[in-house]
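> Provided below: coords15.tsv, containing TSV, C-alpha atoms.
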```
chain	number	residue	atom	x	y	z
A	14	MET	CA	160.87	-38.02	41.62
A	15	ILE	CA	161.56	-40.00	44.78
A	16	PRO	CA	164.69	-41.84	43.45
A	17	VAL	CA	166.33	-38.57	42.39
A	18	VAL	CA	165.59	-37.00	45.77
A	19	ILE	CA	166.95	-40.07	47.54
A	20	ASN	CA	170.21	-39.81	45.59
A	21	ILE	CA	170.53	-36.13	46.49
A	22	VAL	CA	169.80	-36.92	50.15
A	23	TYR	CA	172.40	-39.71	50.16
A	24	PHE	CA	174.98	-37.25	48.82
A	25	MET	CA	174.12	-34.60	51.42
A	26	LEU	CA	174.23	-37.09	54.28
A	27	SER	CA	177.59	-38.41	53.06
A	28	LEU	CA	178.89	-34.83	53.05
A	29	ALA	CA	177.65	-34.34	56.62
A	30	LEU	CA	179.27	-37.65	57.61
A	31	LEU	CA	182.57	-36.48	56.10
A	32	PHE	CA	182.48	-33.18	58.03
A	33	ALA	CA	181.66	-34.94	61.31
A	34	PHE	CA	184.49	-37.42	60.65
A	35	ILE	CA	186.96	-34.58	60.10
A	36	ARG	CA	185.96	-33.18	63.50
A	37	LEU	CA	186.24	-36.67	65.01
A	38	THR	CA	189.83	-37.03	63.83
A	39	ARG	CA	190.97	-33.44	64.45
A	40	GLY	CA	188.96	-32.58	67.58
A	41	PRO	CA	191.38	-31.09	70.10
A	42	SER	CA	189.80	-32.67	73.20
A	43	LEU	CA	187.96	-35.88	74.03
A	44	PRO	CA	184.54	-34.20	74.61
A	45	ASP	CA	184.77	-32.77	71.07
A	46	ARG	CA	185.22	-36.27	69.72
A	47	VAL	CA	182.27	-37.53	71.77
A	48	VAL	CA	180.08	-34.77	70.33
A	49	ALA	CA	181.22	-35.71	66.83
A	50	LEU	CA	180.40	-39.38	67.53
A	51	GLU	CA	176.91	-38.43	68.64
A	52	LEU	CA	176.40	-36.37	65.49
A	53	ILE	CA	177.61	-39.34	63.39
A	54	ALA	CA	175.04	-41.56	65.13
A	55	SER	CA	172.26	-39.06	64.33
A	56	ILE	CA	173.35	-38.93	60.69
A	57	VAL	CA	173.34	-42.73	60.52
A	58	VAL	CA	169.79	-42.75	61.91
A	59	GLY	CA	168.82	-40.47	59.02
A	60	TYR	CA	170.74	-42.73	56.63
A	61	VAL	CA	168.81	-45.79	57.81
A	62	GLY	CA	165.48	-43.96	57.38
A	63	VAL	CA	166.34	-42.97	53.81
A	64	HIS	CA	167.53	-46.51	53.11
A	65	ALA	CA	164.20	-47.85	54.39
A	66	ILE	CA	162.44	-45.68	51.80
A	67	ASP	CA	164.96	-46.68	49.11
A	68	THR	CA	164.54	-50.42	49.59
A	69	GLY	CA	160.90	-50.36	50.74
A	70	VAL	CA	161.65	-52.38	53.87
A	71	PRO	CA	160.02	-50.69	56.88
A	72	SER	CA	161.64	-53.17	59.30
A	73	LEU	CA	164.87	-51.17	58.97
A	74	LEU	CA	163.35	-48.63	61.35
A	75	ASP	CA	164.11	-51.02	64.21
A	76	VAL	CA	167.79	-50.62	63.32
A	77	ALA	CA	167.38	-46.86	63.63
A	78	ILE	CA	165.85	-47.28	67.09
A	79	VAL	CA	168.77	-49.46	68.23
A	80	ILE	CA	171.37	-47.05	66.82
A	81	ALA	CA	169.77	-44.11	68.62
A	82	LEU	CA	169.67	-46.09	71.87
A	83	THR	CA	173.32	-47.19	71.70
A	84	ALA	CA	174.45	-43.67	70.78
A	85	PHE	CA	172.71	-42.28	73.85
A	86	LEU	CA	174.22	-44.92	76.12
A	87	ALA	CA	177.68	-44.32	74.63
A	88	ALA	CA	177.39	-40.58	75.27
A	89	ILE	CA	176.32	-41.15	78.88
A	90	GLY	CA	179.14	-43.64	79.42
A	91	PHE	CA	181.78	-41.32	77.96
A	92	ALA	CA	180.53	-38.46	80.10
A	93	ARG	CA	180.69	-40.57	83.27
A	94	PHE	CA	184.20	-41.68	82.34
A	95	LEU	CA	185.30	-38.10	81.73
A	96	GLU	CA	183.91	-36.80	85.00
A	97	ARG	CA	185.23	-39.63	87.13
A	98	GLY	CA	188.68	-40.34	85.80
A	99	GLY	CA	189.39	-38.48	82.59
A	100	GLN	CA	192.61	-36.58	81.97
A	101	LYS	CA	192.44	-32.92	82.95
A	102	ASN	CA	193.16	-30.37	80.21
A	103	ASP	CA	193.47	-32.99	77.53
B	12	MET	CA	151.14	-35.21	46.45
B	13	ILE	CA	152.63	-37.73	48.89
B	14	GLU	CA	155.79	-37.76	46.78
B	15	ILE	CA	156.17	-34.00	47.08
B	16	ILE	CA	155.66	-34.10	50.87
B	17	VAL	CA	158.16	-36.95	51.27
B	18	SER	CA	160.72	-35.20	49.06
B	19	VAL	CA	160.43	-31.93	50.95
B	20	LEU	CA	160.72	-33.67	54.32
B	21	LEU	CA	163.76	-35.72	53.28
B	22	LEU	CA	165.53	-32.72	51.75
B	23	ALA	CA	164.82	-30.61	54.83
B	24	GLY	CA	166.15	-33.35	57.09
B	25	ALA	CA	169.32	-33.74	55.04
B	26	ALA	CA	169.79	-29.96	54.94
B	27	PHE	CA	169.58	-29.79	58.75
B	28	MET	CA	172.11	-32.64	59.03
B	29	VAL	CA	174.54	-30.83	56.71
B	30	LEU	CA	174.07	-27.62	58.71
B	31	ALA	CA	174.86	-29.49	61.92
B	32	ALA	CA	177.99	-30.99	60.35
B	33	ILE	CA	179.16	-27.60	59.05
B	34	GLY	CA	178.54	-26.18	62.51
B	35	ILE	CA	180.53	-28.90	64.24
B	36	LEU	CA	183.36	-28.37	61.76
B	37	ARG	CA	183.53	-24.58	61.82
B	38	LEU	CA	182.56	-23.41	65.31
B	39	PRO	CA	185.39	-22.60	67.72
B	40	ASP	CA	184.87	-24.47	71.02
B	41	LEU	CA	183.01	-27.33	72.71
B	42	PRO	CA	179.77	-25.61	73.87
B	43	THR	CA	179.18	-23.90	70.53
B	44	ARG	CA	179.86	-27.12	68.62
B	45	MET	CA	177.41	-28.94	70.86
B	46	HIS	CA	174.92	-26.14	70.38
B	47	ALA	CA	175.09	-26.66	66.62
B	48	SER	CA	175.19	-30.44	66.46
B	49	THR	CA	172.59	-31.46	69.05
B	50	LYS	CA	169.61	-29.42	68.00
B	51	ALA	CA	170.12	-29.39	64.25
B	52	ALA	CA	170.88	-33.12	64.06
B	53	ALA	CA	167.82	-33.99	66.17
B	54	MET	CA	165.71	-31.80	63.89
B	55	GLY	CA	167.16	-33.51	60.81
B	56	ALA	CA	166.46	-37.00	62.15
B	57	MET	CA	162.91	-35.95	63.05
B	58	PHE	CA	162.25	-34.58	59.55
B	59	THR	CA	163.65	-37.77	58.00
B	60	MET	CA	161.41	-39.94	60.19
B	61	GLY	CA	158.43	-37.78	59.20
B	62	GLY	CA	159.29	-38.47	55.57
B	63	VAL	CA	159.48	-42.20	56.26
B	64	ALA	CA	156.08	-42.16	58.00
B	65	PHE	CA	154.49	-40.29	55.09
B	66	TYR	CA	156.08	-42.56	52.48
B	67	PHE	CA	154.87	-45.86	53.92
B	68	GLY	CA	151.51	-44.55	55.15
B	69	ASP	CA	151.12	-47.47	57.54
B	70	SER	CA	150.06	-47.32	61.16
B	71	VAL	CA	152.87	-49.66	62.29
B	72	VAL	CA	155.53	-47.61	60.51
B	73	LEU	CA	153.96	-44.42	61.85
B	74	ALA	CA	154.17	-45.76	65.41
B	75	ARG	CA	157.82	-46.72	64.95
B	76	ALA	CA	158.76	-43.37	63.41
B	77	PHE	CA	156.92	-41.59	66.21
B	78	ALA	CA	158.78	-43.70	68.78
B	79	ILE	CA	162.13	-42.76	67.20
B	80	VAL	CA	161.17	-39.06	67.17
B	81	VAL	CA	160.11	-39.12	70.84
B	82	PHE	CA	163.25	-41.03	71.80
B	83	ILE	CA	165.56	-38.57	70.02
B	84	LEU	CA	163.64	-35.65	71.49
B	85	ILE	CA	164.13	-37.03	75.02
B	86	THR	CA	167.71	-38.30	74.83
B	87	SER	CA	169.43	-35.62	72.73
B	88	PRO	CA	169.20	-32.80	75.35
B	89	ILE	CA	170.20	-35.18	78.14
B	90	ALA	CA	173.30	-36.34	76.28
B	91	ALA	CA	174.26	-32.77	75.37
B	92	HIS	CA	173.87	-31.61	78.96
B	93	VAL	CA	175.95	-34.48	80.33
B	94	ILE	CA	178.76	-34.08	77.79
B	95	GLY	CA	178.84	-30.30	78.20
B	96	ARG	CA	179.03	-30.65	81.97
B	97	ALA	CA	181.81	-33.23	81.75
B	98	GLY	CA	183.68	-31.11	79.20
B	99	TYR	CA	183.52	-28.03	81.41
B	100	PHE	CA	184.57	-29.90	84.53
B	101	THR	CA	187.58	-31.47	82.82
B	102	GLY	CA	188.86	-28.03	81.91
B	103	THR	CA	188.14	-27.74	78.19
B	104	ALA	CA	189.33	-24.35	76.98
B	105	LEU	CA	186.59	-21.93	75.95
B	106	TRP	CA	186.72	-19.68	72.91
B	107	ASP	CA	188.74	-16.43	73.23
B	108	GLY	CA	185.66	-14.35	72.47
B	109	THR	CA	183.54	-15.87	75.22
B	110	VAL	CA	181.60	-13.03	76.86
B	111	LYS	CA	180.17	-14.65	79.96
B	112	ASP	CA	181.28	-17.63	82.04
B	113	GLU	CA	179.25	-17.56	85.22
B	114	LEU	CA	180.66	-20.84	86.51
B	115	ARG	CA	184.28	-19.66	86.63
B	116	ASP	CA	184.01	-17.69	89.91
B	117	ASN	CA	181.78	-20.17	91.70
B	118	TYR	CA	183.21	-23.54	90.68
B	119	ASP	CA	186.20	-24.98	92.50
B	120	PRO	CA	187.88	-27.58	90.27
B	121	ASP	CA	189.95	-29.06	93.13
B	122	THR	CA	187.07	-29.91	95.46
B	123	HIS	CA	184.51	-30.28	92.64
B	124	THR	CA	182.01	-28.06	94.46
B	125	LEU	CA	179.77	-25.38	93.00
B	126	GLY	CA	178.83	-22.37	95.14
B	127	SER	CA	176.01	-19.90	94.67
B	128	GLY	CA	178.29	-16.84	94.82
B	129	TYR	CA	176.53	-15.30	97.81
B	130	GLU	CA	178.38	-17.04	100.67
B	131	GLY	CA	179.29	-14.47	103.34
B	132	SER	CA	178.37	-11.42	101.27
B	133	PRO	CA	176.14	-8.58	102.57
B	134	GLU	CA	173.71	-9.29	99.75
B	135	ARG	CA	172.99	-12.68	101.22
B	136	VAL	CA	169.36	-13.60	100.87
B	137	ALA	CA	167.59	-13.86	104.24
B	138	PRO	CA	165.90	-17.19	104.94
B	139	PRO	CA	162.13	-17.12	104.71
B	140	PRO	CA	160.27	-16.36	107.96
B	141	GLY	CA	159.03	-19.28	109.99
B	142	PRO	CA	155.41	-20.35	110.16
B	143	ASP	CA	154.87	-18.55	113.52
B	144	SER	CA	155.77	-15.05	112.34
B	145	SER	CA	152.62	-14.55	110.27
B	146	LYS	CA	150.24	-14.97	113.20
B	147	ASP	CA	148.28	-11.90	114.39
```
As structure tokens, please, write out the structure in this file.


Amino acid sequence: MIPVVINIVYFMLSLALLFAFIRLTRGPSLPDRVVALELIASIVVGYVGVHAIDTGVPSLLDVAIVIALTAFLAAIGFARFLERGGQKND
Amino acid sequence: MIEIIVSVLLLAGAAFMVLAAIGILRLPDLPTRMHASTKAAAMGAMFTMGGVAFYFGDSVVLARAFAIVVFILITSPIAAHVIGRAGYFTGTALWDGTVKDELRDNYDPDTHTLGSGYEGSPERVAPPPGPDSSKD
């Protein structure tokens, strides 16, 4: 039962990744792209969790922690950049 | 039994992720997209980590999954707030059907100052009385 569910979950997460990537490429302004990047990072955290179940290696959860941390720092950095010196009405 | 719980948690997490992605693809402007992506994606990651914790059934894995959940729960609103603020201040266009924008009258984009809207108006709130006025 678990392997079938894992395949379904992989498919759904890939679909979500595709949608977020479309917004990342199309997004009319830079904040839209940053939001899409943050969503992609969340989806990858879910991906890593499912992969940890798939392979049976619980150490992969450390990777999820690091990805969540870097995504948060990237969002904060982009926001600081936008407020300080970003292009207006981009 | 554990298999059923893990399957339900993983499917719920993936469903929330797909909902967040559909929201970020279909909604019209920056605040609504953020509204969809932040909360639903955090919920999806939390469900997935719950599934991982149930599947391994180990105290170390449980602690790690719990740490990830707490971290996402703390950082996701902060990141959304900061990006939304930066997006508004850089002049991102709102949706045509936006009903209320309370910042528009009070925020000055040239000086980057935010007023309360009551400066110099007759409805100005009086300052609280000093400590001496309550004496008998």

> Using only C-alpha atoms, which residues of chain B come within 8 Å of chain A, and what is the closest atom pair for each, with the distance in Å to one decimal? Give it as JSON lines, sorted by chain and residue number.


```
{"residue": "B:Glu14", "atom": "CA", "partner": "A:Ile15", "partner_atom": "CA", "distance": 6.5}
{"residue": "B:Val17", "atom": "CA", "partner": "A:Ile15", "partner_atom": "CA", "distance": 7.9}
{"residue": "B:Ser18", "atom": "CA", "partner": "A:Val18", "partner_atom": "CA", "distance": 6.1}
{"residue": "B:Leu21", "atom": "CA", "partner": "A:Val22", "partner_atom": "CA", "distance": 6.9}
{"residue": "B:Leu22", "atom": "CA", "partner": "A:Val22", "partner_atom": "CA", "distance": 6.2}
{"residue": "B:Gly24", "atom": "CA", "partner": "A:Gly59", "partner_atom": "CA", "distance": 7.8}
{"residue": "B:Ala25", "atom": "CA", "partner": "A:Val22", "partner_atom": "CA", "distance": 5.9}
{"residue": "B:Ala26", "atom": "CA", "partner": "A:Met25", "partner_atom": "CA", "distance": 7.3}
{"residue": "B:Met28", "atom": "CA", "partner": "A:Ala29", "partner_atom": "CA", "distance": 6.3}
{"residue": "B:Val29", "atom": "CA", "partner": "A:Ala29", "partner_atom": "CA", "distance": 4.7}
{"residue": "B:Leu30", "atom": "CA", "partner": "A:Ala29", "partner_atom": "CA", "distance": 7.9}
{"residue": "B:Ala31", "atom": "CA", "partner": "A:Ala29", "partner_atom": "CA", "distance": 7.7}
{"residue": "B:Ala32", "atom": "CA", "partner": "A:Ala29", "partner_atom": "CA", "distance": 5.0}
{"residue": "B:Ile33", "atom": "CA", "partner": "A:Phe32", "partner_atom": "CA", "distance": 6.6}
{"residue": "B:Ile35", "atom": "CA", "partner": "A:Ala33", "partner_atom": "CA", "distance": 6.8}
{"residue": "B:Leu36", "atom": "CA", "partner": "A:Arg36", "partner_atom": "CA", "distance": 5.7}
{"residue": "B:Leu41", "atom": "CA", "partner": "A:Asp45", "partner_atom": "CA", "distance": 5.9}
{"residue": "B:Arg44", "atom": "CA", "partner": "A:Val48", "partner_atom": "CA", "distance": 7.8}
{"residue": "B:Met45", "atom": "CA", "partner": "A:Val48", "partner_atom": "CA", "distance": 6.4}
{"residue": "B:Ser48", "atom": "CA", "partner": "A:Leu52", "partner_atom": "CA", "distance": 6.1}
{"residue": "B:Thr49", "atom": "CA", "partner": "A:Leu52", "partner_atom": "CA", "distance": 7.2}
{"residue": "B:Ala52", "atom": "CA", "partner": "A:Ser55", "partner_atom": "CA", "distance": 6.1}
{"residue": "B:Ala53", "atom": "CA", "partner": "A:Ser55", "partner_atom": "CA", "distance": 7.0}
{"residue": "B:Gly55", "atom": "CA", "partner": "A:Gly59", "partner_atom": "CA", "distance": 7.4}
{"residue": "B:Ala56", "atom": "CA", "partner": "A:Gly59", "partner_atom": "CA", "distance": 5.2}
{"residue": "B:Thr59", "atom": "CA", "partner": "A:Gly59", "partner_atom": "CA", "distance": 5.9}
{"residue": "B:Met60", "atom": "CA", "partner": "A:Gly62", "partner_atom": "CA", "distance": 6.4}
{"residue": "B:Val63", "atom": "CA", "partner": "A:Gly62", "partner_atom": "CA", "distance": 6.4}
{"residue": "B:Tyr66", "atom": "CA", "partner": "A:Ile66", "partner_atom": "CA", "distance": 7.1}
{"residue": "B:Phe67", "atom": "CA", "partner": "A:Pro71", "partner_atom": "CA", "distance": 7.7}
{"residue": "B:Val72", "atom": "CA", "partner": "A:Pro71", "partner_atom": "CA", "distance": 6.5}
{"residue": "B:Arg75", "atom": "CA", "partner": "A:Leu74", "partner_atom": "CA", "distance": 6.9}
{"residue": "B:Ala76", "atom": "CA", "partner": "A:Leu74", "partner_atom": "CA", "distance": 7.3}
{"residue": "B:Ile79", "atom": "CA", "partner": "A:Ile78", "partner_atom": "CA", "distance": 5.9}
{"residue": "B:Phe82", "atom": "CA", "partner": "A:Ala81", "partner_atom": "CA", "distance": 7.9}
{"residue": "B:Ile83", "atom": "CA", "partner": "A:Ala81", "partner_atom": "CA", "distance": 7.1}
{"residue": "B:Thr86", "atom": "CA", "partner": "A:Phe85", "partner_atom": "CA", "distance": 6.5}
{"residue": "B:Ser87", "atom": "CA", "partner": "A:Phe85", "partner_atom": "CA", "distance": 7.5}
{"residue": "B:Ala90", "atom": "CA", "partner": "A:Ala88", "partner_atom": "CA", "distance": 6.0}
{"residue": "B:Ala91", "atom": "CA", "partner": "A:Val48", "partner_atom": "CA", "distance": 8.0}
{"residue": "B:Val93", "atom": "CA", "partner": "A:Ala92", "partner_atom": "CA", "distance": 6.1}
{"residue": "B:Ile94", "atom": "CA", "partner": "A:Ala92", "partner_atom": "CA", "distance": 5.3}
{"residue": "B:Gly95", "atom": "CA", "partner": "A:Pro44", "partner_atom": "CA", "distance": 7.8}
{"residue": "B:Ala97", "atom": "CA", "partner": "A:Glu96", "partner_atom": "CA", "distance": 5.3}
{"residue": "B:Gly98", "atom": "CA", "partner": "A:Pro44", "partner_atom": "CA", "distance": 5.6}
{"residue": "B:Phe100", "atom": "CA", "partner": "A:Glu96", "partner_atom": "CA", "distance": 6.9}
{"residue": "B:Thr101", "atom": "CA", "partner": "A:Lys101", "partner_atom": "CA", "distance": 5.1}
{"residue": "B:Gly102", "atom": "CA", "partner": "A:Asn102", "partner_atom": "CA", "distance": 5.2}
{"residue": "B:Thr103", "atom": "CA", "partner": "A:Asn102", "partner_atom": "CA", "distance": 6.0}
{"residue": "B:Ala104", "atom": "CA", "partner": "A:Asn102", "partner_atom": "CA", "distance": 7.8}
```

> Which distance in Å separates CA of Asp67 (chain A) and CA of Leu50 (chain A), to one decimal?

25.1 Å

> Between CA of Ser127 (chain B) and CA of Tyr99 (chain B), what is the distance, to one decimal in Å?

17.3 Å

> Report, in Å with one decimal, the straight-line distance from CA of Asp112 (chain B) to CA of Pro42 (chain B).

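Straight-line distance from CA of Asp112 (chain B) to CA of Pro42 (chain B) works out to 11.5 Å.
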
> Which of these, B:Ala64, B:Gly34, B:Pro39, B:Ile15, has the shortest distance to Thr109 (chain B) once you count only C-alpha atoms?

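Selected residue with least distance to Thr109 (chain B): B:Pro39.
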